Amino acid sequence: MTSTMPQDGFYAKVCRGMPALIRQWLILGRGDADRLALILAETARVAGLGDPGETPNGEQLQHWAEGGELPPHWAVRTALFLLVQMPARPTPESDNEACAWAYCWLRNRDFTNRDAALSALPDHLRSQLSHAVTAAWADRQGLRLV
């Protein structure tokens, strides 16, 4: 029997991978946690990736990275936006994190189809995120990716 439990679904994996995306930003970003929180919030505002409202502090960013609370969508979308531009060429470190990256990738840009979303990825991410982008696209087509 195939498992269809909600905790095994794509969005459940996304939620489990969101803290890791924030953690990568904390590890690879330049500066202390307060500065990285400010950069994240300001980038979200400028790039139109969501409205952070009040700018979080470094302690809140650490809390999200540790999985103490699910990070808001603007934060993970912005973390991905910044990570894919880094010369260090970071990659997701788990299947859950790959799902979070793919989810954010589709939320950050408008794609006409799955192949367009895949080909727009930086070269170093294309093969690693192929399965996750496929799952994210299927989720989006099922109107669950909102």
# chains A, B, ... in the order shown; residues from 1 in each chain; ligands from 1
>>> residues_around(residues="Thr134 in chain A", least_positions_apart="2", cutoff="9 Å", atoms="only C-alpha atoms", output="list of chain:residue names")
A:Ala102, A:Arg114, A:Asp115, A:Leu118, A:Leu129, A:Ser130, A:His131, A:Ala132, A:Ala136, A:Trp137, A:Ala138, A:Asp139
>>> write_last_selection(atoms="all heavy atoms", output="short mmCIF file (atom, residue, chain, number, x, y, z; two decimals), in the first residue's frame")
data_model
loop_
_atom_site.label_atom_id
_atom_site.label_comp_id
_atom_site.auth_asym_id
_atom_site.auth_seq_id
_atom_site.Cartn_x
_atom_site.Cartn_y
_atom_site.Cartn_z
N ALA A 102 12.73 24.20 -3.93
CA ALA A 102 11.89 24.14 -5.13
C ALA A 102 10.59 24.92 -4.93
O ALA A 102 10.14 25.64 -5.82
CB ALA A 102 11.59 22.68 -5.48
N ARG A 114 7.07 23.29 -16.04
CA ARG A 114 8.13 22.70 -15.22
C ARG A 114 9.49 22.83 -15.88
O ARG A 114 10.48 23.14 -15.22
CB ARG A 114 7.79 21.23 -14.95
CG ARG A 114 8.89 20.47 -14.24
CD ARG A 114 8.73 18.96 -14.52
NE ARG A 114 9.94 18.24 -14.27
CZ ARG A 114 10.94 18.08 -15.15
NH1 ARG A 114 10.88 18.59 -16.33
NH2 ARG A 114 12.01 17.39 -14.82
N ASP A 115 9.56 22.59 -17.19
CA ASP A 115 10.84 22.66 -17.89
C ASP A 115 11.43 24.06 -17.85
O ASP A 115 12.64 24.23 -17.70
CB ASP A 115 10.70 22.18 -19.34
CG ASP A 115 10.42 20.68 -19.42
OD1 ASP A 115 10.73 19.96 -18.44
OD2 ASP A 115 9.90 20.24 -20.46
N LEU A 118 12.91 24.51 -14.41
CA LEU A 118 14.18 23.80 -14.29
C LEU A 118 15.30 24.50 -15.05
O LEU A 118 16.40 24.66 -14.53
CB LEU A 118 14.04 22.37 -14.83
CG LEU A 118 13.58 21.31 -13.86
CD1 LEU A 118 13.39 19.98 -14.57
CD2 LEU A 118 14.54 21.16 -12.71
N LEU A 129 17.94 19.60 -7.99
CA LEU A 129 16.58 20.01 -7.66
C LEU A 129 15.53 19.47 -8.64
O LEU A 129 14.35 19.77 -8.50
CB LEU A 129 16.47 21.53 -7.59
CG LEU A 129 17.14 22.21 -6.40
CD1 LEU A 129 16.93 23.71 -6.45
CD2 LEU A 129 16.62 21.65 -5.10
N SER A 130 15.96 18.70 -9.62
CA SER A 130 15.04 18.22 -10.64
C SER A 130 13.82 17.51 -10.04
O SER A 130 12.67 17.82 -10.38
CB SER A 130 15.77 17.29 -11.60
OG SER A 130 14.87 16.77 -12.55
N HIS A 131 14.05 16.56 -9.15
CA HIS A 131 12.93 15.82 -8.56
C HIS A 131 12.03 16.73 -7.72
O HIS A 131 10.81 16.60 -7.73
CB HIS A 131 13.45 14.65 -7.71
CG HIS A 131 14.05 15.08 -6.41
ND1 HIS A 131 15.28 15.69 -6.33
CD2 HIS A 131 13.55 15.03 -5.15
CE1 HIS A 131 15.53 15.99 -5.06
NE2 HIS A 131 14.51 15.60 -4.32
N ALA A 132 12.64 17.66 -6.99
CA ALA A 132 11.86 18.55 -6.12
C ALA A 132 11.06 19.55 -6.94
O ALA A 132 9.91 19.85 -6.59
CB ALA A 132 12.79 19.27 -5.15
N ALA A 136 7.14 20.02 -6.88
CA ALA A 136 6.58 21.35 -6.63
C ALA A 136 5.63 21.74 -7.75
O ALA A 136 4.56 22.32 -7.51
CB ALA A 136 7.69 22.39 -6.49
N TRP A 137 6.02 21.42 -8.98
CA TRP A 137 5.16 21.75 -10.12
C TRP A 137 3.85 20.96 -10.04
O TRP A 137 2.77 21.52 -10.26
CB TRP A 137 5.87 21.49 -11.45
CG TRP A 137 5.06 22.04 -12.57
CD1 TRP A 137 4.22 21.35 -13.38
CD2 TRP A 137 4.99 23.40 -12.97
NE1 TRP A 137 3.62 22.21 -14.27
CE2 TRP A 137 4.08 23.48 -14.04
CE3 TRP A 137 5.61 24.57 -12.53
CZ2 TRP A 137 3.76 24.69 -14.67
CZ3 TRP A 137 5.30 25.76 -13.16
CH2 TRP A 137 4.39 25.81 -14.22
N ALA A 138 3.94 19.69 -9.70
CA ALA A 138 2.73 18.86 -9.56
C ALA A 138 1.84 19.42 -8.45
O ALA A 138 0.61 19.49 -8.59
CB ALA A 138 3.10 17.41 -9.28
N ASP A 139 2.46 19.84 -7.35
CA ASP A 139 1.72 20.43 -6.24
C ASP A 139 1.04 21.72 -6.70
O ASP A 139 -0.12 21.96 -6.38
CB ASP A 139 2.66 20.69 -5.07
CG ASP A 139 1.91 20.90 -3.77
OD1 ASP A 139 1.36 19.91 -3.26
OD2 ASP A 139 1.87 22.04 -3.29
#
>>> residues_around(residues="range 55-65 of chain A", least_positions_apart="6", cutoff="7 Å", atoms="only C-alpha atoms", output="PDB file with C-alpha atoms, in the first residue's frame")
ATOM      1  CA  PRO A  19      14.483  25.923   8.826  1.00  0.00           C
ATOM      2  CA  ALA A  20      17.453  24.466   6.913  1.00  0.00           C
ATOM      3  CA  ILE A  22      17.253  29.860   6.896  1.00  0.00           C
ATOM      4  CA  ARG A  23      20.184  28.030   8.542  1.00  0.00           C
ATOM      5  CA  ALA A  33      22.638  37.242  12.921  1.00  0.00           C
ATOM      6  CA  ASP A  34      21.150  40.719  13.506  1.00  0.00           C
ATOM      7  CA  ALA A  37      18.047  39.396   9.638  1.00  0.00           C
ATOM      8  CA  LEU A  38      18.076  43.031   8.501  1.00  0.00           C
ATOM      9  CA  ALA A  41      13.929  41.753   5.620  1.00  0.00           C
ATOM     10  CA  PRO A  71       9.788  30.597   9.307  1.00  0.00           C
TER      11      PRO A  71
END
>>> closest_residue(among="A:Ala98, A:Ile27, A:Ala75, A:Ala12", to="Gly50 in chain A", atoms="only C-alpha atoms")
A:Ala75
>>> closest_atom_pairs(of="range 29-51 of chain A", to="range 83-88 of chain A", cutoff="12 Å", atoms="only C-alpha atoms", output="tab-separated table")
residue	atom	partner	partner_atom	distance
A:Gly29	CA	A:Leu83	CA	8.4
A:Arg30	CA	A:Met86	CA	10.9
A:Leu40	CA	A:Leu83	CA	11.0
>>> residues_around(residues="Thr112 in chain A", least_positions_apart="4", cutoff="12 Å", atoms="only C-alpha atoms", output="PyMOL selection string")
chain A and resi 106+116-120+137+140-141
>>> closest_residue(among="A:Tyr11, A:Glu97, A:Met18, A:Asp32", to="Trp74 in chain A", atoms="only C-alpha atoms")
A:Met18
>>> atom_distance(atom1="CA of Gln128 in chain A", atom2="CA of Thr91 in chain A")
7.9 Å
>>> residues_around(residues="Asn96 in chain A", least_positions_apart="3", cutoff="6 Å", atoms="only C-alpha atoms", output="PDB file with C-alpha atoms, in the first residue's frame")
ATOM      1  CA  LYS A  13       8.570  18.182   3.321  1.00  0.00           C
ATOM      2  CA  VAL A  14       8.699  21.885   2.438  1.00  0.00           C
ATOM      3  CA  ARG A  16      10.432  20.475   7.409  1.00  0.00           C
ATOM      4  CA  GLY A  17      13.036  21.957   5.022  1.00  0.00           C
ATOM      5  CA  CYS A  99      11.625  20.614  -1.489  1.00  0.00           C
TER       6      CYS A  99
END
>>> atom_distance(atom1="CA of Leu49 in chain A", atom2="CA of Leu70 in chain A")
17.2 Å
>>> select_by_dssp(residues="chain A", states="alpha helix (DSSP H)", output="ChimeraX atom specification")
/A:10-28,33-47,58-65,73-83,95-108,114-120,123-141
>>> write_last_selection(atoms="C-alpha atoms", output="short mmCIF file (atom, residue, chain, number, x, y, z; two decimals), in the first residue's frame")
data_model
loop_
_atom_site.label_atom_id
_atom_site.label_comp_id
_atom_site.auth_asym_id
_atom_site.auth_seq_id
_atom_site.Cartn_x
_atom_site.Cartn_y
_atom_site.Cartn_z
CA PHE A 10 5.30 17.56 -0.65
CA TYR A 11 4.21 20.52 1.46
CA ALA A 12 5.04 18.66 4.68
CA LYS A 13 8.57 18.18 3.32
CA VAL A 14 8.70 21.88 2.44
CA CYS A 15 7.79 22.82 6.00
CA ARG A 16 10.43 20.47 7.41
CA GLY A 17 13.04 21.96 5.02
CA MET A 18 12.31 25.64 5.68
CA PRO A 19 14.48 25.92 8.83
CA ALA A 20 17.45 24.47 6.91
CA LEU A 21 17.08 27.13 4.24
CA ILE A 22 17.25 29.86 6.90
CA ARG A 23 20.18 28.03 8.54
CA GLN A 24 22.12 28.09 5.25
CA TRP A 25 21.57 31.85 5.04
CA LEU A 26 22.91 32.23 8.59
CA ILE A 27 25.95 30.10 7.83
CA LEU A 28 26.83 31.51 4.41
CA ALA A 33 22.64 37.24 12.92
CA ASP A 34 21.15 40.72 13.51
CA ARG A 35 22.73 42.04 10.32
CA LEU A 36 21.61 38.98 8.33
CA ALA A 37 18.05 39.40 9.64
CA LEU A 38 18.08 43.03 8.50
CA ILE A 39 19.44 42.08 5.06
CA LEU A 40 16.79 39.39 4.73
CA ALA A 41 13.93 41.75 5.62
CA GLU A 42 15.17 44.63 3.47
CA THR A 43 15.76 42.35 0.49
CA ALA A 44 12.24 40.93 0.85
CA ARG A 45 10.83 44.45 0.75
CA VAL A 46 12.93 45.64 -2.17
CA ALA A 47 12.59 42.47 -4.27
CA GLY A 58 19.07 37.82 14.91
CA GLU A 59 17.57 35.86 17.78
CA GLN A 60 14.35 35.35 15.79
CA LEU A 61 16.35 34.26 12.75
CA GLN A 62 18.24 31.73 14.90
CA HIS A 63 14.93 30.47 16.31
CA TRP A 64 13.61 29.87 12.78
CA ALA A 65 16.85 28.17 11.75
CA HIS A 73 7.25 32.46 3.70
CA TRP A 74 8.81 35.85 2.96
CA ALA A 75 11.91 34.79 4.94
CA VAL A 76 12.48 31.46 3.18
CA ARG A 77 11.67 32.92 -0.23
CA THR A 78 14.20 35.69 0.37
CA ALA A 79 16.82 33.33 1.76
CA LEU A 80 16.58 31.28 -1.44
CA PHE A 81 16.71 34.46 -3.54
CA LEU A 82 19.99 35.39 -1.85
CA LEU A 83 21.49 31.89 -1.72
CA ASP A 95 15.39 16.03 0.47
CA ASN A 96 13.23 18.19 2.75
CA GLU A 97 15.46 21.19 2.15
CA ALA A 98 15.42 20.54 -1.62
CA CYS A 99 11.63 20.61 -1.49
CA ALA A 100 11.75 23.96 0.35
CA TRP A 101 14.15 25.32 -2.28
CA ALA A 102 11.89 24.14 -5.13
CA TYR A 103 8.77 25.52 -3.44
CA CYS A 104 10.42 28.93 -3.05
CA TRP A 105 11.82 28.82 -6.58
CA LEU A 106 8.31 28.47 -8.01
CA ARG A 107 6.92 31.10 -5.64
CA ASN A 108 9.64 33.63 -6.47
CA ARG A 114 8.13 22.70 -15.22
CA ASP A 115 10.84 22.66 -17.89
CA ALA A 116 11.05 26.46 -17.85
CA ALA A 117 11.41 26.39 -14.06
CA LEU A 118 14.18 23.80 -14.29
CA SER A 119 16.11 25.52 -17.06
CA ALA A 120 16.01 28.84 -15.16
CA ASP A 123 23.53 25.11 -13.50
CA HIS A 124 24.80 23.71 -10.20
CA LEU A 125 21.24 23.23 -8.92
CA ARG A 126 19.50 21.82 -11.97
CA SER A 127 20.13 18.11 -11.47
CA GLN A 128 19.99 18.28 -7.68
CA LEU A 129 16.58 20.01 -7.66
CA SER A 130 15.04 18.22 -10.64
CA HIS A 131 12.93 15.82 -8.56
CA ALA A 132 11.86 18.55 -6.12
CA VAL A 133 10.88 20.99 -8.89
CA THR A 134 8.85 18.20 -10.49
CA ALA A 135 7.05 17.61 -7.18
CA ALA A 136 6.58 21.35 -6.63
CA TRP A 137 5.16 21.75 -10.12
CA ALA A 138 2.73 18.86 -9.56
CA ASP A 139 1.72 20.43 -6.24
CA ARG A 140 1.21 23.78 -7.95
CA GLN A 141 -0.89 22.23 -10.69
#
